[in-house]
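Have a look at my_file_2.pdb below; it lists PDB, C-alpha atoms.
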```pdb
ATOM      1  CA  MET A   1     -18.394 -39.888 175.199
ATOM      2  CA  THR A   2     -21.094 -42.004 173.577
ATOM      3  CA  LEU A   3     -20.521 -45.708 174.058
ATOM      4  CA  PRO A   4     -19.432 -47.516 170.891
ATOM      5  CA  SER A   5     -21.938 -50.300 171.507
ATOM      6  CA  PRO A   6     -24.868 -51.074 173.831
ATOM      7  CA  LEU A   7     -24.596 -52.920 177.133
ATOM      8  CA  ALA A   8     -25.433 -56.625 177.341
ATOM      9  CA  VAL A   9     -27.687 -57.601 180.250
ATOM     10  CA  ALA A  10     -27.940 -61.328 180.960
ATOM     11  CA  MET A  11     -31.423 -61.800 182.388
ATOM     12  CA  GLY A  12     -30.525 -64.294 185.105
ATOM     13  CA  ASP A  13     -32.855 -67.065 186.225
ATOM     14  CA  PRO A  14     -36.079 -66.673 184.216
ATOM     15  CA  ALA A  15     -38.179 -67.626 187.264
ATOM     16  CA  GLY A  16     -36.617 -64.951 189.482
ATOM     17  CA  ILE A  17     -36.970 -61.185 189.580
ATOM     18  CA  GLY A  18     -34.343 -60.596 186.889
ATOM     19  CA  PRO A  19     -36.849 -60.193 184.021
ATOM     20  CA  GLU A  20     -39.004 -57.827 186.091
ATOM     21  CA  ILE A  21     -36.253 -55.507 187.269
ATOM     22  CA  LEU A  22     -34.749 -55.445 183.782
ATOM     23  CA  ALA A  23     -38.065 -54.425 182.239
ATOM     24  CA  LYS A  24     -38.615 -51.807 184.950
ATOM     25  CA  ALA A  25     -35.133 -50.432 184.330
ATOM     26  CA  TRP A  26     -35.943 -50.005 180.644
ATOM     27  CA  SER A  27     -39.235 -48.297 181.573
ATOM     28  CA  ARG A  28     -37.249 -45.736 183.561
ATOM     29  CA  ARG A  29     -34.516 -45.321 180.923
ATOM     30  CA  GLY A  30     -35.419 -41.678 180.270
ATOM     31  CA  GLU A  31     -35.656 -40.369 183.812
ATOM     32  CA  GLU A  32     -32.583 -42.372 184.841
ATOM     33  CA  ARG A  33     -30.681 -41.396 181.667
ATOM     34  CA  LEU A  34     -29.596 -44.959 181.028
ATOM     35  CA  ALA A  35     -27.317 -45.866 178.172
ATOM     36  CA  PRO A  36     -28.780 -48.244 175.566
ATOM     37  CA  PHE A  37     -28.762 -51.890 176.605
ATOM     38  CA  PHE A  38     -30.255 -55.154 175.404
ATOM     39  CA  ALA A  39     -31.558 -58.143 177.321
ATOM     40  CA  VAL A  40     -30.215 -61.650 176.745
ATOM     41  CA  GLY A  41     -32.656 -64.402 177.669
ATOM     42  CA  ASP A  42     -36.065 -65.906 176.965
ATOM     43  CA  GLY A  43     -38.741 -63.372 176.067
ATOM     44  CA  ARG A  44     -41.428 -65.505 177.709
ATOM     45  CA  ALA A  45     -39.937 -64.684 181.105
ATOM     46  CA  ILE A  46     -40.438 -60.977 180.446
ATOM     47  CA  ALA A  47     -43.938 -61.463 179.054
ATOM     48  CA  ARG A  48     -45.046 -63.224 182.238
ATOM     49  CA  VAL A  49     -44.250 -60.193 184.397
ATOM     50  CA  TRP A  50     -44.534 -57.196 182.045
ATOM     51  CA  ASP A  51     -46.769 -56.147 179.165
ATOM     52  CA  GLY A  52     -44.472 -53.477 177.725
ATOM     53  CA  PRO A  53     -42.944 -53.400 174.233
ATOM     54  CA  VAL A  54     -40.152 -55.829 173.371
ATOM     55  CA  ALA A  55     -38.154 -55.757 170.135
ATOM     56  CA  ARG A  56     -36.376 -58.949 169.174
ATOM     57  CA  ILE A  57     -32.964 -58.269 167.659
ATOM     58  CA  GLY A  58     -30.571 -60.483 165.763
ATOM     59  CA  ALA A  59     -27.366 -58.706 166.747
ATOM     60  CA  PRO A  60     -26.269 -56.216 169.413
ATOM     61  CA  ASP A  61     -25.791 -53.357 166.968
ATOM     62  CA  GLU A  62     -29.546 -53.359 166.293
ATOM     63  CA  ALA A  63     -30.337 -52.459 169.906
ATOM     64  CA  VAL A  64     -29.595 -48.734 169.791
ATOM     65  CA  ALA A  65     -32.081 -48.022 166.991
ATOM     66  CA  VAL A  66     -35.013 -49.620 168.831
ATOM     67  CA  PHE A  67     -34.026 -48.814 172.431
ATOM     68  CA  GLY A  68     -36.132 -45.668 172.613
ATOM     69  CA  ASP A  69     -39.326 -47.511 171.705
ATOM     70  CA  ALA A  70     -38.923 -51.061 173.030
ATOM     71  CA  LEU A  71     -36.731 -53.244 175.207
ATOM     72  CA  PRO A  72     -34.269 -54.910 172.826
ATOM     73  CA  LEU A  73     -34.067 -58.668 173.309
ATOM     74  CA  LEU A  74     -31.494 -61.115 172.032
ATOM     75  CA  THR A  75     -33.327 -64.386 172.479
ATOM     76  CA  VAL A  76     -32.023 -67.421 174.310
ATOM     77  CA  GLU A  77     -34.879 -69.906 174.449
ATOM     78  CA  CYS A  78     -35.531 -72.061 177.497
ATOM     79  CA  ALA A  79     -36.573 -75.661 177.258
ATOM     80  CA  GLY A  80     -39.914 -76.362 178.919
ATOM     81  CA  GLU A  81     -42.302 -74.001 180.629
ATOM     82  CA  ILE A  82     -41.364 -70.930 182.640
ATOM     83  CA  GLU A  83     -43.236 -70.570 185.921
ATOM     84  CA  THR A  84     -42.425 -67.315 187.665
ATOM     85  CA  GLY A  85     -41.260 -67.957 191.221
ATOM     86  CA  GLN A  86     -40.688 -71.663 190.553
ATOM     87  CA  PRO A  87     -37.057 -72.380 189.648
ATOM     88  CA  THR A  88     -36.284 -75.317 187.394
ATOM     89  CA  LEU A  89     -33.188 -76.971 186.001
ATOM     90  CA  GLU A  90     -34.274 -75.900 182.508
ATOM     91  CA  GLY A  91     -34.406 -72.314 183.718
ATOM     92  CA  ALA A  92     -30.914 -72.619 185.181
ATOM     93  CA  ARG A  93     -29.621 -73.906 181.840
ATOM     94  CA  CYS A  94     -31.273 -70.962 180.128
ATOM     95  CA  ALA A  95     -29.621 -68.542 182.565
ATOM     96  CA  LEU A  96     -26.230 -70.153 181.947
ATOM     97  CA  HIS A  97     -26.633 -69.966 178.154
ATOM     98  CA  ALA A  98     -27.630 -66.299 178.414
ATOM     99  CA  LEU A  99     -24.643 -65.566 180.649
ATOM    100  CA  GLU A 100     -22.276 -67.315 178.258
ATOM    101  CA  LEU A 101     -23.634 -65.480 175.222
ATOM    102  CA  ALA A 102     -23.616 -62.070 176.911
ATOM    103  CA  THR A 103     -20.068 -62.622 178.184
ATOM    104  CA  GLY A 104     -18.857 -63.661 174.744
ATOM    105  CA  LEU A 105     -20.437 -60.641 173.056
ATOM    106  CA  THR A 106     -18.862 -58.287 175.575
ATOM    107  CA  SER A 107     -15.461 -59.940 175.319
ATOM    108  CA  ALA A 108     -15.634 -59.624 171.526
ATOM    109  CA  GLY A 109     -16.472 -55.918 171.743
ATOM    110  CA  ALA A 110     -20.013 -56.264 170.398
ATOM    111  CA  ALA A 111     -21.298 -55.030 173.766
ATOM    112  CA  ALA A 112     -19.672 -52.209 175.732
ATOM    113  CA  ALA A 113     -20.085 -53.896 179.121
ATOM    114  CA  LEU A 114     -21.712 -56.869 180.796
ATOM    115  CA  VAL A 115     -24.462 -56.707 183.422
ATOM    116  CA  THR A 116     -25.535 -60.021 184.944
ATOM    117  CA  GLY A 117     -28.934 -60.676 186.477
ATOM    118  CA  PRO A 118     -29.348 -62.842 189.597
ATOM    119  CA  VAL A 119     -29.117 -66.633 189.277
ATOM    120  CA  SER A 120     -29.817 -69.482 191.668
ATOM    121  CA  LYS A 121     -26.515 -71.145 192.558
ATOM    122  CA  ALA A 122     -28.382 -74.146 193.955
ATOM    123  CA  GLN A 123     -30.034 -74.750 190.592
ATOM    124  CA  MET A 124     -26.843 -73.992 188.659
ATOM    125  CA  TYR A 125     -24.851 -76.531 190.659
ATOM    126  CA  GLN A 126     -27.441 -79.189 189.829
ATOM    127  CA  ILE A 127     -26.836 -78.735 186.088
ATOM    128  CA  GLY A 128     -23.075 -79.171 186.465
ATOM    129  CA  PHE A 129     -21.991 -75.549 186.994
ATOM    130  CA  THR A 130     -18.617 -75.896 188.714
ATOM    131  CA  HIS A 131     -17.755 -72.263 189.470
ATOM    132  CA  PRO A 132     -18.436 -70.685 192.869
ATOM    133  CA  GLY A 133     -20.465 -67.982 191.123
ATOM    134  CA  GLN A 134     -20.930 -65.889 187.989
ATOM    135  CA  THR A 135     -17.816 -63.861 188.796
ATOM    136  CA  GLU A 136     -15.510 -66.853 188.449
ATOM    137  CA  PHE A 137     -17.313 -68.013 185.303
ATOM    138  CA  VAL A 138     -16.900 -64.635 183.617
ATOM    139  CA  ALA A 139     -13.247 -64.423 184.665
ATOM    140  CA  GLU A 140     -12.504 -67.815 183.128
ATOM    141  CA  ARG A 141     -14.271 -66.911 179.897
ATOM    142  CA  VAL A 142     -12.219 -63.731 179.471
ATOM    143  CA  GLY A 143      -8.944 -65.431 180.341
ATOM    144  CA  VAL A 144      -8.305 -64.140 183.849
ATOM    145  CA  ALA A 145      -7.617 -66.306 186.898
ATOM    146  CA  ALA A 146     -10.377 -65.858 189.462
ATOM    147  CA  SER A 147      -7.709 -65.272 192.109
ATOM    148  CA  ALA A 148      -6.595 -62.167 190.191
ATOM    149  CA  THR A 149     -10.029 -60.550 190.382
ATOM    150  CA  VAL A 150     -11.621 -58.524 193.158
ATOM    151  CA  MET A 151     -15.276 -58.351 194.141
ATOM    152  CA  MET A 152     -16.308 -54.827 195.011
ATOM    153  CA  LEU A 153     -19.737 -53.833 196.290
ATOM    154  CA  ALA A 154     -20.510 -50.219 195.497
ATOM    155  CA  GLY A 155     -23.233 -47.848 196.606
ATOM    156  CA  PRO A 156     -23.689 -44.066 196.426
ATOM    157  CA  THR A 157     -21.643 -43.388 199.589
ATOM    158  CA  LEU A 158     -19.667 -46.575 200.202
ATOM    159  CA  ARG A 159     -17.473 -49.026 198.307
ATOM    160  CA  VAL A 160     -16.281 -52.194 200.023
ATOM    161  CA  VAL A 161     -13.995 -55.071 199.074
ATOM    162  CA  PRO A 162     -14.194 -58.354 201.026
ATOM    163  CA  VAL A 163     -10.725 -59.925 200.853
ATOM    164  CA  THR A 164     -12.233 -63.332 201.629
ATOM    165  CA  THR A 165     -15.721 -64.065 200.373
ATOM    166  CA  HIS A 166     -17.780 -67.240 200.650
ATOM    167  CA  VAL A 167     -15.783 -69.131 203.273
ATOM    168  CA  PRO A 168     -16.601 -70.104 206.865
ATOM    169  CA  LEU A 169     -15.761 -67.365 209.332
ATOM    170  CA  ALA A 170     -13.555 -69.749 211.297
ATOM    171  CA  LYS A 171     -11.241 -70.101 208.278
ATOM    172  CA  VAL A 172     -10.757 -66.376 207.652
ATOM    173  CA  PRO A 173      -7.730 -65.786 209.945
ATOM    174  CA  GLY A 174      -5.826 -68.614 208.296
ATOM    175  CA  LEU A 175      -6.538 -67.283 204.814
ATOM    176  CA  LEU A 176      -5.393 -63.730 205.455
ATOM    177  CA  THR A 177      -1.797 -63.023 204.406
ATOM    178  CA  PRO A 178       0.073 -59.805 203.628
ATOM    179  CA  SER A 179       0.479 -60.899 200.007
ATOM    180  CA  LEU A 180      -3.258 -61.506 199.603
ATOM    181  CA  LEU A 181      -4.127 -58.114 201.066
ATOM    182  CA  ILE A 182      -1.532 -56.392 198.888
ATOM    183  CA  ALA A 183      -2.778 -58.111 195.720
ATOM    184  CA  LYS A 184      -6.422 -57.223 196.366
ATOM    185  CA  ALA A 185      -5.527 -53.633 197.230
ATOM    186  CA  ARG A 186      -3.448 -53.163 194.070
ATOM    187  CA  VAL A 187      -6.306 -54.328 191.863
ATOM    188  CA  THR A 188      -8.715 -52.106 193.783
ATOM    189  CA  ALA A 189      -6.542 -49.013 193.481
ATOM    190  CA  ARG A 190      -6.068 -49.508 189.739
ATOM    191  CA  ALA A 191      -9.792 -50.029 189.203
ATOM    192  CA  LEU A 192     -10.750 -46.961 191.235
ATOM    193  CA  ALA A 193      -8.573 -44.906 188.894
ATOM    194  CA  ARG A 194      -9.576 -46.618 185.639
ATOM    195  CA  ASP A 195     -13.268 -47.363 186.179
ATOM    196  CA  PHE A 196     -14.315 -44.753 188.747
ATOM    197  CA  GLY A 197     -12.153 -41.837 187.642
ATOM    198  CA  ILE A 198     -10.480 -41.353 191.062
ATOM    199  CA  ALA A 199      -6.996 -40.074 190.317
ATOM    200  CA  SER A 200      -5.509 -40.783 193.763
ATOM    201  CA  PRO A 201      -7.530 -43.571 195.415
ATOM    202  CA  ARG A 202      -7.634 -43.796 199.206
ATOM    203  CA  LEU A 203      -7.948 -47.260 200.732
ATOM    204  CA  ALA A 204      -8.932 -47.910 204.349
ATOM    205  CA  PHE A 205      -8.253 -51.327 205.865
ATOM    206  CA  ALA A 206     -10.564 -52.792 208.476
ATOM    207  CA  GLY A 207      -9.053 -54.759 211.313
ATOM    208  CA  LEU A 208     -10.055 -58.368 211.790
ATOM    209  CA  ASN A 209     -10.551 -58.287 215.552
ATOM    210  CA  PRO A 210     -12.696 -56.058 217.777
ATOM    211  CA  HIS A 211     -11.118 -52.614 218.198
ATOM    212  CA  ALA A 212      -8.573 -53.622 215.528
ATOM    213  CA  GLY A 213      -6.917 -55.920 218.044
ATOM    214  CA  GLU A 214      -6.240 -53.357 220.778
ATOM    215  CA  GLN A 215      -2.508 -53.367 219.926
ATOM    216  CA  GLY A 216      -2.362 -57.142 220.203
ATOM    217  CA  ALA A 217      -4.467 -57.571 223.330
ATOM    218  CA  ILE A 218      -7.403 -59.049 221.311
ATOM    219  CA  GLY A 219      -5.466 -60.697 218.511
ATOM    220  CA  ARG A 220      -2.282 -60.162 216.547
ATOM    221  CA  GLU A 221      -3.550 -60.333 212.927
ATOM    222  CA  GLU A 222      -3.545 -56.546 212.687
ATOM    223  CA  ILE A 223       0.114 -56.378 213.775
ATOM    224  CA  GLU A 224       1.429 -59.403 211.899
ATOM    225  CA  ILE A 225      -0.661 -59.399 208.704
ATOM    226  CA  ILE A 226      -2.605 -56.205 208.010
ATOM    227  CA  ALA A 227      -0.125 -53.537 209.118
ATOM    228  CA  PRO A 228       2.775 -55.008 207.063
ATOM    229  CA  ALA A 229       0.535 -55.063 203.982
ATOM    230  CA  ILE A 230      -0.393 -51.410 204.497
ATOM    231  CA  GLU A 231       3.266 -50.470 204.928
ATOM    232  CA  ALA A 232       4.181 -52.236 201.668
ATOM    233  CA  LEU A 233       1.370 -50.507 199.786
ATOM    234  CA  ARG A 234       2.427 -47.115 201.078
ATOM    235  CA  ALA A 235       5.956 -47.829 199.867
ATOM    236  CA  GLU A 236       4.455 -48.333 196.395
ATOM    237  CA  GLY A 237       2.716 -44.965 196.580
ATOM    238  CA  ILE A 238      -0.780 -46.266 197.333
ATOM    239  CA  ASP A 239      -2.699 -44.212 199.902
ATOM    240  CA  ALA A 240      -3.565 -46.916 202.449
ATOM    241  CA  THR A 241      -4.629 -46.397 206.058
ATOM    242  CA  GLY A 242      -5.452 -48.661 208.989
ATOM    243  CA  PRO A 243      -6.015 -51.160 210.347
ATOM    244  CA  LEU A 244      -9.145 -49.432 211.614
ATOM    245  CA  ALA A 245     -11.733 -50.640 214.092
ATOM    246  CA  ALA A 246     -14.577 -51.908 211.915
ATOM    247  CA  ASP A 247     -17.267 -50.672 214.283
ATOM    248  CA  THR A 248     -16.292 -47.015 213.771
ATOM    249  CA  MET A 249     -15.223 -46.816 210.123
ATOM    250  CA  PHE A 250     -18.586 -46.840 208.367
ATOM    251  CA  HIS A 251     -20.385 -43.781 209.740
ATOM    252  CA  GLY A 252     -20.699 -40.728 207.527
ATOM    253  CA  ARG A 253     -17.644 -38.767 208.662
ATOM    254  CA  ALA A 254     -15.424 -41.836 208.488
ATOM    255  CA  ARG A 255     -16.629 -42.785 204.989
ATOM    256  CA  ALA A 256     -15.613 -39.347 203.727
ATOM    257  CA  THR A 257     -11.962 -40.167 204.441
ATOM    258  CA  TYR A 258     -11.576 -43.055 201.981
ATOM    259  CA  ASP A 259     -12.709 -44.236 198.555
ATOM    260  CA  ALA A 260     -12.931 -47.952 199.324
ATOM    261  CA  ALA A 261     -12.853 -50.070 202.476
ATOM    262  CA  ILE A 262     -10.778 -53.247 202.341
ATOM    263  CA  CYS A 263     -12.494 -55.725 204.665
ATOM    264  CA  CYS A 264     -11.307 -59.053 206.004
ATOM    265  CA  TYR A 265     -14.436 -61.115 205.443
ATOM    266  CA  HIS A 266     -17.786 -61.213 203.685
ATOM    267  CA  ASP A 267     -20.156 -59.824 206.303
ATOM    268  CA  GLN A 268     -17.712 -57.190 207.514
ATOM    269  CA  ALA A 269     -18.050 -55.662 204.032
ATOM    270  CA  LEU A 270     -21.614 -56.480 203.075
ATOM    271  CA  VAL A 271     -23.440 -55.633 206.306
ATOM    272  CA  PRO A 272     -22.622 -51.896 206.128
ATOM    273  CA  LEU A 273     -23.076 -51.787 202.354
ATOM    274  CA  LYS A 274     -26.508 -53.401 202.456
ATOM    275  CA  THR A 275     -27.562 -51.402 205.494
ATOM    276  CA  LEU A 276     -26.789 -48.157 203.710
ATOM    277  CA  HIS A 277     -27.641 -49.088 200.121
ATOM    278  CA  PHE A 278     -29.841 -52.177 200.101
ATOM    279  CA  ASP A 279     -31.766 -51.130 196.971
ATOM    280  CA  GLU A 280     -28.811 -49.545 195.182
ATOM    281  CA  GLY A 281     -25.881 -51.867 195.798
ATOM    282  CA  VAL A 282     -23.867 -53.027 192.806
ATOM    283  CA  ASN A 283     -21.410 -55.895 192.544
ATOM    284  CA  ILE A 284     -18.574 -54.966 190.174
ATOM    285  CA  THR A 285     -15.779 -57.356 189.302
ATOM    286  CA  LEU A 286     -12.407 -55.598 189.273
ATOM    287  CA  GLY A 287      -9.385 -56.812 187.359
ATOM    288  CA  LEU A 288     -11.153 -57.957 184.173
ATOM    289  CA  PRO A 289     -10.449 -56.778 180.608
ATOM    290  CA  ILE A 290     -14.202 -56.120 180.335
ATOM    291  CA  VAL A 291     -16.566 -54.212 182.602
ATOM    292  CA  ARG A 292     -18.909 -56.503 184.526
ATOM    293  CA  THR A 293     -21.500 -55.436 187.088
ATOM    294  CA  SER A 294     -24.484 -57.063 188.766
ATOM    295  CA  PRO A 295     -27.259 -56.032 191.160
ATOM    296  CA  ASP A 296     -26.199 -56.926 194.685
ATOM    297  CA  HIS A 297     -29.163 -59.168 195.455
ATOM    298  CA  GLY A 298     -30.490 -62.594 194.629
ATOM    299  CA  THR A 299     -33.301 -64.102 192.604
ATOM    300  CA  ALA A 300     -36.008 -63.388 195.223
ATOM    301  CA  PHE A 301     -38.241 -66.213 193.954
ATOM    302  CA  GLY A 302     -40.672 -65.485 196.796
ATOM    303  CA  ILE A 303     -41.749 -62.145 195.298
ATOM    304  CA  ALA A 304     -41.158 -62.866 191.610
ATOM    305  CA  GLY A 305     -44.116 -62.014 189.410
ATOM    306  CA  GLN A 306     -45.870 -59.939 192.084
ATOM    307  CA  ASP A 307     -44.739 -56.507 190.810
ATOM    308  CA  ARG A 308     -42.908 -55.974 194.105
ATOM    309  CA  ALA A 309     -39.287 -56.117 192.946
ATOM    310  CA  GLU A 310     -37.433 -52.816 193.158
ATOM    311  CA  PRO A 311     -35.256 -52.100 190.094
ATOM    312  CA  GLY A 312     -32.894 -49.686 191.881
ATOM    313  CA  ALA A 313     -29.938 -52.060 192.038
ATOM    314  CA  MET A 314     -30.345 -53.091 188.390
ATOM    315  CA  ILE A 315     -30.529 -49.432 187.353
ATOM    316  CA  ALA A 316     -27.416 -48.701 189.412
ATOM    317  CA  ALA A 317     -25.620 -51.704 187.867
ATOM    318  CA  ILE A 318     -26.449 -50.519 184.343
ATOM    319  CA  ARG A 319     -25.376 -46.956 185.130
ATOM    320  CA  LEU A 320     -22.096 -48.012 186.754
ATOM    321  CA  ALA A 321     -21.299 -50.366 183.866
ATOM    322  CA  ALA A 322     -21.887 -47.575 181.349
ATOM    323  CA  ASP A 323     -19.819 -45.057 183.316
ATOM    324  CA  ALA A 324     -16.886 -47.465 183.653
ATOM    325  CA  ALA A 325     -17.075 -48.425 179.980
ATOM    326  CA  ARG A 326     -17.058 -44.749 178.960
ATOM    327  CA  ARG A 327     -13.986 -44.065 181.079
ATOM    328  CA  ARG A 328     -12.159 -46.992 179.497
ATOM    329  CA  ALA A 329     -13.179 -45.856 176.010
ATOM    330  CA  ASP A 330     -12.048 -42.295 176.755
ATOM    331  CA  ALA A 331      -8.707 -43.558 178.028
ATOM    332  CA  LEU A 332      -8.155 -45.559 174.842
ATOM    333  CA  ALA A 333      -9.141 -42.602 172.670
ATOM    334  CA  THR A 334      -6.614 -40.317 174.351
ATOM    335  CA  ALA A 335      -3.813 -42.872 174.691
TER
END
```
What is this structure when it is put down as structure tokens?
Amino acid sequence: MTLPSPLAVAMGDPAGIGPEILAKAWSRRGEERLAPFFAVGDGRAIARVWDGPVARIGAPDEAVAVFGDALPLLTVECAGEIETGQPTLEGARCALHALELATGLTSAGAAAALVTGPVSKAQMYQIGFTHPGQTEFVAERVGVAASATVMMLAGPTLRVVPVTTHVPLAKVPGLLTPSLLIAKARVTARALARDFGIASPRLAFAGLNPHAGEQGAIGREEIEIIAPAIEALRAEGIDATGPLAADTMFHGRARATYDAAICCYHDQALVPLKTLHFDEGVNITLGLPIVRTSPDHGTAFGIAGQDRAEPGAMIAAIRLAADAARRRADALATA
């Protein structure tokens, strides 16, 4: 099904690699068979790193007509100068305005899905940004509690969900509860069916401790927290397995047995994902009324403007956003 509207891509920090990877993604639109999208941000950031064609548009519905010949741009102007590789507070404000506009357009249906470029949290916090990240900001803007969302990192052969994210490792055991695991798994299972087209999702739970606790000899979290959550999910009809030893659940044969790995903490999920799919990893926020994806990397100020940034993750984020949006549109059309 053809998408009813183009995708909105918030450019991210104008001094980072967001403008470059976005332009490179458009350059490869044909060979990658990308759905039409438009950039939201300051055109000067693109001009500093790319000399390709840009078409300024006044509304999202103008993007499709020009997409074949130029990168459509809905302009959000930055105050002050843009110096590639040199983040500024003005650039952070520009990134925030672009994010807000792109989110609003997607929520209103003017864009089929939202893709967010990388921002600098350090700079964002200095301008008064109070959310832990873009995920929480987008959730608030579309009326969903951040606690009801799930961060999934997806690559060609692996999808992972960190149940806890940006918290100290020492605090993880105290944060894990059966109810938290059950809630995250429910959202994940629904999203795998709705956004990924997997009719009967299979979830594999990683244990917290080495060897998944060795039946309590190296910790009891698996027995007291993870196993009860798995049992409850199975009672609901969700295909859940585990707890599995994390050191043996990410090789090729093991990955073939599940559709998403539910992990206890940030690095337990992101280390295997980035090892396998560093240039193709996508962050997708599950549990939202809109589709939102993002490349799974940062602003990379150190290489910005040097034509060294790989666009693979941005291309993957655009493709995944389009695929998920099509599935949602198809479901509505046949409902």
Between range 206-325 of chain A and range 190-194 of chain A, at 12 Å or less, what are the per-residue closest atom pairs and their distances in Å? Count only C-alpha atoms, order by chain and rising residue number, and return it as a Markdown table.
```
| residue | atom | partner | partner_atom | distance |
| --- | --- | --- | --- | --- |
| A:Ile238 | CA | A:Arg190 | CA | 9.8 |
| A:Asp239 | CA | A:Arg190 | CA | 11.9 |
| A:Tyr258 | CA | A:Leu192 | CA | 11.5 |
| A:Asp259 | CA | A:Leu192 | CA | 8.1 |
| A:Ala260 | CA | A:Leu192 | CA | 8.4 |
| A:Ala261 | CA | A:Leu192 | CA | 11.9 |
| A:Ile284 | CA | A:Ala191 | CA | 10.1 |
| A:Thr285 | CA | A:Ala191 | CA | 9.5 |
| A:Leu286 | CA | A:Ala191 | CA | 6.2 |
| A:Gly287 | CA | A:Ala191 | CA | 7.0 |
| A:Leu288 | CA | A:Ala191 | CA | 9.5 |
| A:Pro289 | CA | A:Ala191 | CA | 10.9 |
| A:Ile290 | CA | A:Ala191 | CA | 11.6 |
| A:Val291 | CA | A:Ala191 | CA | 10.3 |
| A:Asp323 | CA | A:Arg194 | CA | 10.6 |
| A:Ala324 | CA | A:Arg194 | CA | 7.6 |
| A:Ala325 | CA | A:Arg194 | CA | 9.6 |
```
What would the selection look like, as a PDB file with C-alpha atoms, in the frame of the given file, if the PyMOL selection byres ((chain A and resi 299) around 12) were run on the coordinates I just shared?
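Generated file (result34.pdb):
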```pdb
ATOM      1  CA  MET A  11     -31.423 -61.800 182.388  1.00  0.00           C
ATOM      2  CA  GLY A  12     -30.525 -64.294 185.105  1.00  0.00           C
ATOM      3  CA  ASP A  13     -32.855 -67.065 186.225  1.00  0.00           C
ATOM      4  CA  PRO A  14     -36.079 -66.673 184.216  1.00  0.00           C
ATOM      5  CA  ALA A  15     -38.179 -67.626 187.264  1.00  0.00           C
ATOM      6  CA  GLY A  16     -36.617 -64.951 189.482  1.00  0.00           C
ATOM      7  CA  ILE A  17     -36.970 -61.185 189.580  1.00  0.00           C
ATOM      8  CA  GLY A  18     -34.343 -60.596 186.889  1.00  0.00           C
ATOM      9  CA  PRO A  19     -36.849 -60.193 184.021  1.00  0.00           C
ATOM     10  CA  GLU A  20     -39.004 -57.827 186.091  1.00  0.00           C
ATOM     11  CA  ILE A  21     -36.253 -55.507 187.269  1.00  0.00           C
ATOM     12  CA  THR A  84     -42.425 -67.315 187.665  1.00  0.00           C
ATOM     13  CA  GLY A  85     -41.260 -67.957 191.221  1.00  0.00           C
ATOM     14  CA  GLN A  86     -40.688 -71.663 190.553  1.00  0.00           C
ATOM     15  CA  PRO A  87     -37.057 -72.380 189.648  1.00  0.00           C
ATOM     16  CA  ALA A  92     -30.914 -72.619 185.181  1.00  0.00           C
ATOM     17  CA  ALA A  95     -29.621 -68.542 182.565  1.00  0.00           C
ATOM     18  CA  THR A 116     -25.535 -60.021 184.944  1.00  0.00           C
ATOM     19  CA  GLY A 117     -28.934 -60.676 186.477  1.00  0.00           C
ATOM     20  CA  PRO A 118     -29.348 -62.842 189.597  1.00  0.00           C
ATOM     21  CA  VAL A 119     -29.117 -66.633 189.277  1.00  0.00           C
ATOM     22  CA  SER A 120     -29.817 -69.482 191.668  1.00  0.00           C
ATOM     23  CA  LYS A 121     -26.515 -71.145 192.558  1.00  0.00           C
ATOM     24  CA  ALA A 122     -28.382 -74.146 193.955  1.00  0.00           C
ATOM     25  CA  GLN A 123     -30.034 -74.750 190.592  1.00  0.00           C
ATOM     26  CA  SER A 294     -24.484 -57.063 188.766  1.00  0.00           C
ATOM     27  CA  PRO A 295     -27.259 -56.032 191.160  1.00  0.00           C
ATOM     28  CA  ASP A 296     -26.199 -56.926 194.685  1.00  0.00           C
ATOM     29  CA  HIS A 297     -29.163 -59.168 195.455  1.00  0.00           C
ATOM     30  CA  GLY A 298     -30.490 -62.594 194.629  1.00  0.00           C
ATOM     31  CA  ALA A 300     -36.008 -63.388 195.223  1.00  0.00           C
ATOM     32  CA  PHE A 301     -38.241 -66.213 193.954  1.00  0.00           C
ATOM     33  CA  GLY A 302     -40.672 -65.485 196.796  1.00  0.00           C
ATOM     34  CA  ILE A 303     -41.749 -62.145 195.298  1.00  0.00           C
ATOM     35  CA  ALA A 304     -41.158 -62.866 191.610  1.00  0.00           C
ATOM     36  CA  GLY A 305     -44.116 -62.014 189.410  1.00  0.00           C
ATOM     37  CA  ALA A 309     -39.287 -56.117 192.946  1.00  0.00           C
TER      38      ALA A 309
END
```
- Item | Nearby residues (only C-alpha atoms) at most 8 Å from Ala240 in chain A, same-chain spacing under 2 positions excluded, as a ChimeraX atom specification | /A:202-205,230,233-234,238,242
- Message: Running the PyMOL selection byres ((chain A and resi 245) around 12) on this model by hand, what would come out? Give it as an MDAnalysis selection string.
- Response: chainID A and resid 204:215 218 222 241:244 246:251 254 261 263:264 268
- Do a neighbour search on Cys78 in chain A at 10 Å with all atoms listed in the file, toss out local chain neighbours closer than 3 positions, and write the hits as a list of chain:residue names. A:Pro14, A:Gly41, A:Asp42, A:Gly43, A:Arg44, A:Ala45, A:Thr75, A:Glu81, A:Ile82, A:Glu90, A:Gly91, A:Ala92, A:Arg93, A:Cys94, A:Ala95, A:His97, A:Ala98
- Report as a list in words the full result of the PyMOL selection byres ((chain A and resi 63) around 10) when it is applied to this structure. Ser5, Pro6, Leu7, Ala8, Pro36, Phe37, Phe38, Ala39, Ala55, Arg56, Ile57, Gly58, Ala59, Pro60, Asp61, Glu62, Val64, Ala65, Val66, Phe67, Gly68, Ala70, Leu71, Pro72, Leu73 and Leu74 of chain A
- Nearest residue to Arg292 in chain A from the set A:Tyr265, A:Tyr125, A:Trp50, A:Phe137 (distances using only C-alpha atoms):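 So, comparing all the options, the nearest one is A:Phe137.
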- Query: Contacts of range 22-32 of chain A at 7 Å or less, counting all atoms listed in the file, minus same-chain residues fewer than 5 places along, as a PyMOL selection string?
  - Reply: chain A and resi 71+311+314-315
